[in-house]
>>> print(open('run-v6.pdb').read())   # PDB, C-alpha atoms
ATOM      1  CA  MET A   1     -87.769-242.333  -4.030
ATOM      2  CA  PRO A   2     -89.603-243.297  -7.247
ATOM      3  CA  LEU A   3     -87.916-242.315 -10.486
ATOM      4  CA  SER A   4     -89.345-239.489 -12.553
ATOM      5  CA  PRO A   5     -90.966-240.492 -15.887
ATOM      6  CA  ASN A   6     -87.947-239.177 -17.804
ATOM      7  CA  LEU A   7     -85.390-241.068 -15.706
ATOM      8  CA  ARG A   8     -87.503-244.215 -15.833
ATOM      9  CA  GLY A   9     -87.734-243.889 -19.618
ATOM     10  CA  ALA A  10     -83.980-243.348 -19.858
ATOM     11  CA  LEU A  11     -83.374-246.499 -17.794
ATOM     12  CA  PHE A  12     -85.718-248.486 -20.039
ATOM     13  CA  MET A  13     -83.843-247.170 -23.083
ATOM     14  CA  VAL A  14     -80.481-248.260 -21.650
ATOM     15  CA  VAL A  15     -81.898-251.754 -20.978
ATOM     16  CA  ALA A  16     -83.303-251.894 -24.515
ATOM     17  CA  MET A  17     -79.910-251.006 -25.996
ATOM     18  CA  ALA A  18     -78.289-253.693 -23.847
ATOM     19  CA  GLY A  19     -80.754-256.251 -25.218
ATOM     20  CA  PHE A  20     -80.117-255.278 -28.834
ATOM     21  CA  THR A  21     -76.336-255.234 -28.371
ATOM     22  CA  LEU A  22     -76.315-258.603 -26.604
ATOM     23  CA  ASN A  23     -78.230-259.937 -29.597
ATOM     24  CA  ASP A  24     -75.490-258.576 -31.883
ATOM     25  CA  ALA A  25     -72.778-260.123 -29.721
ATOM     26  CA  ILE A  26     -74.462-263.541 -29.790
ATOM     27  CA  THR A  27     -74.884-263.241 -33.557
ATOM     28  CA  LYS A  28     -71.201-262.400 -34.032
ATOM     29  CA  TYR A  29     -70.181-265.256 -31.729
ATOM     30  CA  SER A  30     -72.397-267.669 -33.680
ATOM     31  CA  SER A  31     -70.762-266.621 -36.947
ATOM     32  CA  GLN A  32     -67.552-268.298 -35.770
ATOM     33  CA  SER A  33     -69.154-271.733 -36.129
ATOM     34  CA  MET A  34     -71.611-271.194 -39.027
ATOM     35  CA  ASN A  35     -72.152-268.816 -41.919
ATOM     36  CA  MET A  36     -74.326-265.746 -41.548
ATOM     37  CA  ALA A  37     -77.066-267.117 -43.792
ATOM     38  CA  GLN A  38     -77.565-269.983 -41.345
ATOM     39  CA  VAL A  39     -77.613-267.485 -38.487
ATOM     40  CA  MET A  40     -80.309-265.495 -40.311
ATOM     41  CA  LEU A  41     -82.318-268.638 -41.000
ATOM     42  CA  ILE A  42     -82.294-270.016 -37.456
ATOM     43  CA  ARG A  43     -82.680-266.702 -35.649
ATOM     44  CA  GLY A  44     -85.360-265.651 -38.132
ATOM     45  CA  ALA A  45     -87.271-268.889 -37.562
ATOM     46  CA  PHE A  46     -87.313-268.344 -33.794
ATOM     47  CA  ALA A  47     -88.217-264.665 -34.204
ATOM     48  CA  SER A  48     -91.007-265.550 -36.647
ATOM     49  CA  LEU A  49     -92.473-267.969 -34.126
ATOM     50  CA  PHE A  50     -92.336-265.470 -31.265
ATOM     51  CA  VAL A  51     -93.591-262.496 -33.305
ATOM     52  CA  ASP A  52     -96.368-264.496 -34.976
ATOM     53  CA  LEU A  53     -97.666-265.696 -31.615
ATOM     54  CA  LEU A  54     -97.604-262.139 -30.261
ATOM     55  CA  ALA A  55     -99.278-260.728 -33.380
ATOM     56  CA  TRP A  56    -101.958-263.438 -33.287
ATOM     57  CA  GLN A  57    -102.629-262.772 -29.608
ATOM     58  CA  ARG A  58    -103.119-259.052 -30.272
ATOM     59  CA  GLY A  59    -105.233-259.526 -33.388
ATOM     60  CA  ALA A  60    -102.710-258.041 -35.791
ATOM     61  CA  LEU A  61    -103.078-260.872 -38.333
ATOM     62  CA  VAL A  62    -106.694-260.146 -39.243
ATOM     63  CA  ARG A  63    -105.748-258.634 -42.626
ATOM     64  CA  PRO A  64    -102.581-260.471 -43.753
ATOM     65  CA  ARG A  65    -102.928-259.076 -47.308
ATOM     66  CA  SER A  66    -101.674-255.778 -45.895
ATOM     67  CA  MET A  67     -98.193-257.334 -45.989
ATOM     68  CA  LEU A  68     -98.341-256.837 -49.778
ATOM     69  CA  GLN A  69     -98.830-253.077 -49.455
ATOM     70  CA  PRO A  70     -96.030-251.441 -51.546
ATOM     71  CA  LEU A  71     -94.471-249.464 -48.676
ATOM     72  CA  VAL A  72     -94.499-252.541 -46.438
ATOM     73  CA  ALA A  73     -92.814-254.492 -49.237
ATOM     74  CA  LEU A  74     -90.216-251.706 -49.688
ATOM     75  CA  ARG A  75     -89.537-251.696 -45.954
ATOM     76  CA  VAL A  76     -89.058-255.466 -45.927
ATOM     77  CA  LEU A  77     -86.714-255.364 -48.938
ATOM     78  CA  ALA A  78     -84.666-252.579 -47.368
ATOM     79  CA  GLU A  79     -84.554-254.515 -44.092
ATOM     80  CA  ALA A  80     -83.318-257.590 -45.935
ATOM     81  CA  GLY A  81     -80.486-255.598 -47.516
ATOM     82  CA  ALA A  82     -79.674-253.961 -44.191
ATOM     83  CA  THR A  83     -79.615-257.248 -42.311
ATOM     84  CA  VAL A  84     -77.428-259.070 -44.827
ATOM     85  CA  THR A  85     -74.870-256.252 -45.031
ATOM     86  CA  PHE A  86     -74.937-255.715 -41.261
ATOM     87  CA  LEU A  87     -74.344-259.378 -40.456
ATOM     88  CA  VAL A  88     -71.555-259.691 -43.020
ATOM     89  CA  ALA A  89     -69.834-256.616 -41.560
ATOM     90  CA  LEU A  90     -70.410-257.870 -38.025
ATOM     91  CA  ALA A  91     -68.750-261.199 -38.837
ATOM     92  CA  HIS A  92     -65.556-259.484 -40.046
ATOM     93  CA  LEU A  93     -65.231-256.325 -37.945
ATOM     94  CA  PRO A  94     -65.127-255.545 -34.214
ATOM     95  CA  ILE A  95     -68.649-255.092 -32.884
ATOM     96  CA  ALA A  96     -67.790-251.583 -31.628
ATOM     97  CA  SER A  97     -66.645-250.475 -35.101
ATOM     98  CA  VAL A  98     -69.871-251.663 -36.727
ATOM     99  CA  SER A  99     -71.908-250.015 -33.973
ATOM    100  CA  ALA A 100     -70.004-246.747 -34.423
ATOM    101  CA  VAL A 101     -70.850-246.599 -38.132
ATOM    102  CA  LEU A 102     -74.509-247.396 -37.402
ATOM    103  CA  GLN A 103     -74.739-244.399 -35.050
ATOM    104  CA  ALA A 104     -74.883-242.230 -38.180
ATOM    105  CA  LEU A 105     -78.335-243.592 -39.035
ATOM    106  CA  PRO A 106     -80.416-240.761 -37.494
ATOM    107  CA  LEU A 107     -78.320-238.258 -39.456
ATOM    108  CA  ALA A 108     -78.842-240.280 -42.642
ATOM    109  CA  VAL A 109     -82.602-240.337 -42.011
ATOM    110  CA  THR A 110     -82.628-236.571 -41.421
ATOM    111  CA  MET A 111     -80.817-236.066 -44.721
ATOM    112  CA  GLY A 112     -83.138-238.499 -46.503
ATOM    113  CA  ALA A 113     -86.249-236.807 -45.102
ATOM    114  CA  ALA A 114     -84.983-233.476 -46.402
ATOM    115  CA  LEU A 115     -84.082-234.787 -49.861
ATOM    116  CA  VAL A 116     -87.022-237.173 -50.382
ATOM    117  CA  PHE A 117     -89.865-235.644 -48.385
ATOM    118  CA  GLY A 118     -88.796-232.006 -48.518
ATOM    119  CA  GLU A 119     -88.698-231.655 -44.723
ATOM    120  CA  ALA A 120     -87.102-228.437 -43.515
ATOM    121  CA  VAL A 121     -83.525-228.907 -42.274
ATOM    122  CA  GLY A 122     -81.653-225.775 -41.188
ATOM    123  CA  TRP A 123     -78.023-225.050 -41.872
ATOM    124  CA  ARG A 124     -76.997-226.077 -38.339
ATOM    125  CA  ARG A 125     -78.374-229.577 -38.792
ATOM    126  CA  TRP A 126     -76.779-229.810 -42.235
ATOM    127  CA  LEU A 127     -73.456-229.009 -40.545
ATOM    128  CA  ALA A 128     -74.198-231.718 -37.950
ATOM    129  CA  ILE A 129     -74.891-234.196 -40.764
ATOM    130  CA  ALA A 130     -71.630-233.256 -42.505
ATOM    131  CA  ALA A 131     -69.680-233.589 -39.242
ATOM    132  CA  GLY A 132     -71.312-236.941 -38.514
ATOM    133  CA  PHE A 133     -70.343-238.393 -41.861
ATOM    134  CA  ALA A 134     -66.840-236.989 -41.435
ATOM    135  CA  GLY A 135     -66.770-239.041 -38.232
ATOM    136  CA  VAL A 136     -67.851-242.082 -40.240
ATOM    137  CA  LEU A 137     -64.878-241.532 -42.582
ATOM    138  CA  VAL A 138     -62.592-241.415 -39.555
ATOM    139  CA  VAL A 139     -63.951-244.771 -38.361
ATOM    140  CA  VAL A 140     -63.822-246.315 -41.844
ATOM    141  CA  ARG A 141     -60.419-244.651 -42.597
ATOM    142  CA  PRO A 142     -60.372-245.271 -46.385
ATOM    143  CA  GLY A 143     -56.892-245.261 -47.871
ATOM    144  CA  PHE A 144     -55.150-245.677 -44.511
ATOM    145  CA  ASP A 145     -53.769-248.596 -42.519
ATOM    146  CA  GLY A 146     -56.535-250.479 -40.776
ATOM    147  CA  PHE A 147     -59.037-249.907 -43.606
ATOM    148  CA  SER A 148     -61.320-252.851 -44.325
ATOM    149  CA  MET A 149     -63.727-253.232 -47.222
ATOM    150  CA  PHE A 150     -66.219-254.558 -44.691
ATOM    151  CA  SER A 151     -66.444-251.037 -43.246
ATOM    152  CA  LEU A 152     -68.072-250.045 -46.536
ATOM    153  CA  VAL A 153     -70.448-252.986 -46.116
ATOM    154  CA  ALA A 154     -71.439-251.537 -42.735
ATOM    155  CA  LEU A 155     -71.986-248.171 -44.410
ATOM    156  CA  ALA A 156     -74.218-249.884 -46.993
ATOM    157  CA  SER A 157     -76.252-251.200 -44.073
ATOM    158  CA  VAL A 158     -76.773-247.605 -42.892
ATOM    159  CA  ALA A 159     -78.096-246.679 -46.341
ATOM    160  CA  CYS A 160     -80.508-249.619 -46.353
ATOM    161  CA  CYS A 161     -81.650-248.788 -42.808
ATOM    162  CA  ALA A 162     -82.342-245.203 -43.869
ATOM    163  CA  VAL A 163     -84.543-246.423 -46.736
ATOM    164  CA  ARG A 164     -86.304-248.756 -44.298
ATOM    165  CA  ASP A 165     -87.024-245.987 -41.811
ATOM    166  CA  LEU A 166     -88.144-243.486 -44.445
ATOM    167  CA  ALA A 167     -90.527-246.102 -45.849
ATOM    168  CA  THR A 168     -91.775-246.857 -42.330
ATOM    169  CA  LYS A 169     -92.739-243.200 -41.837
ATOM    170  CA  ARG A 170     -95.107-243.446 -44.811
ATOM    171  CA  ILE A 171     -96.753-246.795 -44.004
ATOM    172  CA  PRO A 172    -100.474-246.164 -43.320
ATOM    173  CA  GLN A 173    -101.367-246.049 -39.632
ATOM    174  CA  ALA A 174    -104.117-248.624 -40.250
ATOM    175  CA  ILE A 175    -101.490-251.334 -40.802
ATOM    176  CA  PRO A 176    -100.524-252.771 -37.374
ATOM    177  CA  THR A 177     -96.862-252.546 -36.414
ATOM    178  CA  LEU A 178     -96.872-256.219 -35.412
ATOM    179  CA  LEU A 179     -98.067-257.170 -38.890
ATOM    180  CA  VAL A 180     -95.072-255.316 -40.367
ATOM    181  CA  SER A 181     -92.806-257.106 -37.872
ATOM    182  CA  THR A 182     -94.341-260.439 -38.877
ATOM    183  CA  ALA A 183     -93.647-259.755 -42.558
ATOM    184  CA  THR A 184     -90.080-258.758 -41.675
ATOM    185  CA  ALA A 185     -89.424-261.861 -39.593
ATOM    186  CA  LEU A 186     -90.741-264.192 -42.288
ATOM    187  CA  ALA A 187     -88.744-262.392 -44.989
ATOM    188  CA  MET A 188     -85.498-262.636 -43.012
ATOM    189  CA  THR A 189     -86.045-266.375 -42.589
ATOM    190  CA  VAL A 190     -86.626-266.828 -46.319
ATOM    191  CA  VAL A 191     -83.575-264.703 -47.238
ATOM    192  CA  GLY A 192     -81.440-266.787 -44.871
ATOM    193  CA  ALA A 193     -82.664-269.980 -46.546
ATOM    194  CA  LEU A 194     -81.964-268.605 -50.045
ATOM    195  CA  LEU A 195     -78.431-267.508 -49.130
ATOM    196  CA  LEU A 196     -77.553-270.670 -47.221
ATOM    197  CA  SER A 197     -76.046-272.550 -50.160
ATOM    198  CA  PRO A 198     -74.140-269.593 -51.708
ATOM    199  CA  MET A 199     -72.607-268.787 -48.312
ATOM    200  CA  GLY A 200     -71.270-272.290 -47.699
ATOM    201  CA  GLY A 201     -74.204-274.535 -46.864
ATOM    202  CA  TRP A 202     -75.521-276.005 -43.652
ATOM    203  CA  THR A 203     -73.276-276.608 -40.639
ATOM    204  CA  PRO A 204     -74.485-279.153 -38.063
ATOM    205  CA  MET A 205     -75.557-277.328 -34.914
ATOM    206  CA  THR A 206     -75.118-278.183 -31.264
ATOM    207  CA  GLY A 207     -77.793-277.655 -28.656
ATOM    208  CA  LYS A 208     -75.788-274.730 -27.286
ATOM    209  CA  ALA A 209     -75.642-272.988 -30.676
ATOM    210  CA  THR A 210     -79.382-273.408 -31.190
ATOM    211  CA  ALA A 211     -80.150-272.126 -27.692
ATOM    212  CA  LEU A 212     -77.941-269.061 -28.230
ATOM    213  CA  LEU A 213     -79.768-268.078 -31.424
ATOM    214  CA  ALA A 214     -83.112-268.593 -29.694
ATOM    215  CA  LEU A 215     -81.849-266.315 -26.934
ATOM    216  CA  ALA A 216     -80.788-263.743 -29.540
ATOM    217  CA  ALA A 217     -84.334-263.680 -30.936
ATOM    218  CA  VAL A 218     -85.758-263.282 -27.421
ATOM    219  CA  LEU A 219     -83.348-260.423 -26.691
ATOM    220  CA  VAL A 220     -84.573-258.544 -29.771
ATOM    221  CA  LEU A 221     -88.155-258.839 -28.548
ATOM    222  CA  ILE A 222     -87.118-257.749 -25.040
ATOM    223  CA  GLY A 223     -85.356-254.767 -26.571
ATOM    224  CA  TYR A 224     -88.499-253.789 -28.460
ATOM    225  CA  GLN A 225     -90.646-254.143 -25.352
ATOM    226  CA  PHE A 226     -88.361-251.911 -23.302
ATOM    227  CA  ILE A 227     -88.092-249.308 -26.044
ATOM    228  CA  ILE A 228     -91.885-249.094 -26.211
ATOM    229  CA  MET A 229     -91.959-248.676 -22.429
ATOM    230  CA  ALA A 230     -89.267-245.997 -22.705
ATOM    231  CA  MET A 231     -91.132-244.018 -25.356
ATOM    232  CA  ARG A 232     -94.304-244.118 -23.264
ATOM    233  CA  SER A 233     -92.606-243.078 -20.030
ATOM    234  CA  GLY A 234     -91.319-239.561 -20.611
ATOM    235  CA  GLU A 235     -90.296-236.926 -23.130
ATOM    236  CA  ILE A 236     -88.892-238.313 -26.386
ATOM    237  CA  SER A 237     -86.335-235.506 -26.623
ATOM    238  CA  PHE A 238     -84.941-236.447 -23.191
ATOM    239  CA  ILE A 239     -84.971-240.211 -23.718
ATOM    240  CA  ALA A 240     -83.788-240.476 -27.359
ATOM    241  CA  PRO A 241     -80.105-239.598 -26.701
ATOM    242  CA  PHE A 242     -79.796-242.684 -24.493
ATOM    243  CA  ARG A 243     -79.968-244.775 -27.667
ATOM    244  CA  TYR A 244     -76.291-243.944 -28.053
ATOM    245  CA  THR A 245     -75.524-246.150 -25.037
ATOM    246  CA  ALA A 246     -75.633-248.957 -27.620
ATOM    247  CA  LEU A 247     -72.108-247.885 -28.575
ATOM    248  CA  LEU A 248     -70.932-248.174 -24.954
ATOM    249  CA  TRP A 249     -72.457-251.646 -24.670
ATOM    250  CA  SER A 250     -70.734-252.616 -27.936
ATOM    251  CA  ILE A 251     -67.336-251.469 -26.675
ATOM    252  CA  VAL A 252     -67.758-253.337 -23.378
ATOM    253  CA  LEU A 253     -68.994-256.572 -24.987
ATOM    254  CA  GLY A 254     -66.353-256.375 -27.711
ATOM    255  CA  LEU A 255     -63.672-256.106 -25.043
ATOM    256  CA  LEU A 256     -65.038-258.804 -22.701
ATOM    257  CA  VAL A 257     -66.245-261.364 -25.260
ATOM    258  CA  PHE A 258     -63.975-260.882 -28.269
ATOM    259  CA  GLY A 259     -60.953-259.091 -26.799
ATOM    260  CA  ASP A 260     -61.361-256.138 -29.181
ATOM    261  CA  VAL A 261     -59.677-252.997 -27.881
ATOM    262  CA  PRO A 262     -60.873-249.857 -29.738
ATOM    263  CA  ASP A 263     -58.055-247.647 -30.968
ATOM    264  CA  MET A 264     -57.955-243.864 -30.629
ATOM    265  CA  THR A 265     -58.993-243.308 -34.254
ATOM    266  CA  MET A 266     -62.201-245.279 -33.757
ATOM    267  CA  ILE A 267     -62.941-243.482 -30.489
ATOM    268  CA  ILE A 268     -62.447-240.049 -32.110
ATOM    269  CA  GLY A 269     -64.647-240.970 -35.079
ATOM    270  CA  ALA A 270     -67.365-242.488 -32.906
ATOM    271  CA  SER A 271     -67.340-239.465 -30.585
ATOM    272  CA  THR A 272     -67.758-237.168 -33.591
ATOM    273  CA  ILE A 273     -70.719-239.185 -34.868
ATOM    274  CA  VAL A 274     -72.424-239.299 -31.475
ATOM    275  CA  GLY A 275     -71.751-235.615 -30.815
ATOM    276  CA  SER A 276     -73.234-234.680 -34.189
ATOM    277  CA  GLY A 277     -76.295-236.814 -33.533
ATOM    278  CA  LEU A 278     -76.832-235.276 -30.111
ATOM    279  CA  TYR A 279     -76.523-231.778 -31.552
ATOM    280  CA  ALA A 280     -79.044-232.627 -34.285
ATOM    281  CA  LEU A 281     -81.446-233.837 -31.578
ATOM    282  CA  TYR A 282     -80.899-230.607 -29.672
ATOM    283  CA  ARG A 283     -81.619-228.494 -32.751
ATOM    284  CA  GLU A 284     -84.779-230.463 -33.479
ATOM    285  CA  ARG A 285     -85.938-229.752 -29.955
ATOM    286  CA  VAL A 286     -85.068-226.055 -30.273
ATOM    287  CA  VAL A 287     -87.015-225.585 -33.499
ATOM    288  CA  GLY A 288     -89.951-227.405 -31.927
ATOM    289  CA  ARG A 289     -90.452-230.261 -34.350
ATOM    290  CA  ARG A 290     -93.415-232.356 -33.323
ATOM    291  CA  ARG A 291     -91.817-235.605 -34.464
ATOM    292  CA  ILE A 292     -88.068-235.705 -33.933
ATOM    293  CA  VAL A 293     -85.984-237.900 -36.183
ATOM    294  CA  ALA A 294     -84.915-240.220 -33.366
ATOM    295  CA  GLU A 295     -88.544-241.209 -32.913
ATOM    296  CA  SER A 296     -88.791-242.436 -36.487
ATOM    297  CA  THR A 297     -85.562-244.378 -36.783
ATOM    298  CA  GLY A 298     -85.059-248.024 -35.910
ATOM    299  CA  PRO A 299     -84.855-248.551 -32.152
ATOM    300  CA  ALA A 300     -81.378-250.018 -32.164
ATOM    301  CA  MET A 301     -80.166-247.748 -34.965
ATOM    302  CA  ALA A 302     -79.378-251.020 -36.715
ATOM    303  CA  PRO A 303     -81.244-253.669 -38.715
ATOM    304  CA  ASP A 304     -84.066-255.310 -36.800
ATOM    305  CA  GLY A 305     -82.884-258.699 -38.036
ATOM    306  CA  ILE A 306     -86.126-260.310 -36.910
TER     307      ILE A 306
END
>>> encode(input="run-v6.pdb", output="C-alpha cells")
Amino acid sequence: MPLSPNLRGALFMVVAMAGFTLNDAITKYSSQSMNMAQVMLIRGAFASLFVDLLAWQRGALVRPRSMLQPLVALRVLAEAGATVTFLVALAHLPIASVSAVLQALPLAVTMGAALVFGEAVGWRRWLAIAAGFAGVLVVVRPGFDGFSMFSLVALASVACCAVRDLATKRIPQAIPTLLVSTATALAMTVVGALLLSPMGGWTPMTGKATALLALAAVLVLIGYQFIIMAMRSGEISFIAPFRYTALLWSIVLGLLVFGDVPDMTMIIGASTIVGSGLYALYRERVVGRRRIVAESTGPAMAPDGI
C-alpha cells in the first residue's frame, strides 16, 4: 500500500538526517589526517561548485548584489562562527555528544524569538526550554569528570546557529534561498582558506581524502533535497520531530566508525533535551502557531557547513 503523505514525509526526514550525519562522520574522519580549516576549504570548494551550478540553473544568481543585504551578511557571519566552532568540537568530541548538544537548537531559537522578536512563549514552553538546557548541562557536565572545554565550543555553535536562524527568519522573501546558500558556501570556503595557516597549514591529500570530502558536500545537498521533499509531503508538526533521528544516526555512526560508546550520563542528558524539544513542538501545535519553530531552524539542527 502507498504511504500516507505524513509517513512519506517522515521517511524523507529520516533519510535527510542520515545524509547530514554521514557528512558529519566523514568530516570527523577527515580531521584525523588534516586540520579543520583544510576540511572547510576543500568541502566548501566542492559545495560552492555544486550549489553555484544549481543556483545558476534555477536562475537564483540574477541579482548577486542581494548577497550584501545586511541580514544575509549577518546570517553568513553567524554560519561561519557556527561552522568553525562545530568542526572544532567535532574533531575533539564523540559525534554523538556534539549532536546531543546541537539538539537544543530549536529551544534556543524559541528563546531567541521571544527575547528578540517578542514572540509569545507560554510558561510551559519556558519550562521546556529550562529543562532542555538542564539536559545540555548534563551532557557537558561542567566541574565533573569527563568534562571537556570542547563541549563549551559545541555550545557556542548552538548560539551561533540560533543567531543564524533568527536572521534567516527576517531575510526578505524576494531573496532566493539558493542565493543565500551560494553566499554561505563561498564564505565557508574563504574562512577555511584564512584559517588554514593558523591551524597548521596545508597537508598533502590523497585521492581518497579528496573523494570523501566531495562525498560529504554531496551528502549535504542530498540532505537538503530530502528535507524539502519532507516539508512538502505532509504536516510540519508531524514530520518535524523526526529531525531528532539525527541523534540516533550519530550514536550508531559513532559506535561503528569511531568506537565511541555513549555513557549513561550522555544518554540521560540527550533524552532530556530531545524530550523537552518534543514537548515544545507539542505545545506549539496545541496553541495553533502558524509557523512552528522547527520549521524555521536549520534542517540538521547544526551548521550547514556548505
>>> resolve_selection(input="run-v6.pdb", expression="the PyMOL selection byres ((chain A and resi 235) around 10)", output="number ranges by chain")
A: 5-7, 9-10, 230-234, 236-240
>>> resolve_selection(input="run-v6.pdb", expression="the PyMOL selection byres ((chain A and resi 96) around 7)", output="list in words")
Pro94, Ile95, Ser97, Val98, Ser99, Ala100, Leu247, Ser250, Ile251 and Gly254 of chain A
>>> resolve_selection(input="run-v6.pdb", expression="the PyMOL selection byres ((chain A and resi 281) around 10)", output="list in words")
Pro106, Leu107, Arg125, Ala128, Ser237, Phe238, Ala240, Pro241, Gly275, Ser276, Gly277, Leu278, Tyr279, Ala280, Tyr282, Arg283, Glu284, Arg285, Val286, Ile292, Val293 and Ala294 of chain A
>>> residues_around(input="run-v6.pdb", residues="Ala246 of chain A", least_positions_apart="3", cutoff="12 Å", atoms="all atoms listed in the file", output="ChimeraX atom specification")
/A:13-25,95-103,223,240-243,249-254,270,274,299-302
>>> closest_atom_pairs(input="run-v6.pdb", of="segment 16-83 of chain A", to="segment 136-157 of chain A", cutoff="8 Å", atoms="only C-alpha atoms", output="JSON lines")
{"residue": "A:Gly81", "atom": "CA", "partner": "A:Ser157", "partner_atom": "CA", "distance": 7.0}
{"residue": "A:Ala82", "atom": "CA", "partner": "A:Ser157", "partner_atom": "CA", "distance": 4.4}
{"residue": "A:Thr83", "atom": "CA", "partner": "A:Ser157", "partner_atom": "CA", "distance": 7.1}
>>> atom_distance(input="run-v6.pdb", atom1="atom CA of Leu74 of chain A", atom2="atom CA of Leu219 of chain A")
25.5 Å
>>> atom_distance(input="run-v6.pdb", atom1="atom CA of Phe258 of chain A", atom2="atom CA of Val218 of chain A")
21.9 Å
>>> closest_residue(input="run-v6.pdb", among="A:Ile171, A:Val163, A:Ala47, A:Ala89", to="Met67 of chain A", atoms="all atoms listed in the file")
A:Ile171
>>> atom_distance(input="run-v6.pdb", atom1="atom CA of Arg164 of chain A", atom2="atom CA of Ala104 of chain A")
14.5 Å
>>> closest_residue(input="run-v6.pdb", among="A:Pro2, A:Pro198, A:Gly135, A:Pro172", to="Leu71 of chain A", atoms="all atoms listed in the file")
A:Pro172
>>> closest_residue(input="run-v6.pdb", among="A:Gln32, A:Ser271, A:Ser48, A:Thr177", to="Ala209 of chain A", atoms="only C-alpha atoms")
A:Gln32
>>> residues_near_point(input="run-v6.pdb", point="(-97.8, -264.7, -34.2)", cutoff="12 Å", atoms="only C-alpha atoms", output="number ranges by chain")
A: 45-62, 64, 178-183, 185-186
>>> closest_residue(input="run-v6.pdb", among="A:Leu87, A:Ala80, A:Ile267, A:Met111", to="Ser31 of chain A", atoms="only C-alpha atoms")
A:Leu87
>>> closest_residue(input="run-v6.pdb", among="A:Trp126, A:Leu93, A:Phe12, A:Val158", to="Asp260 of chain A", atoms="all atoms listed in the file")
A:Leu93
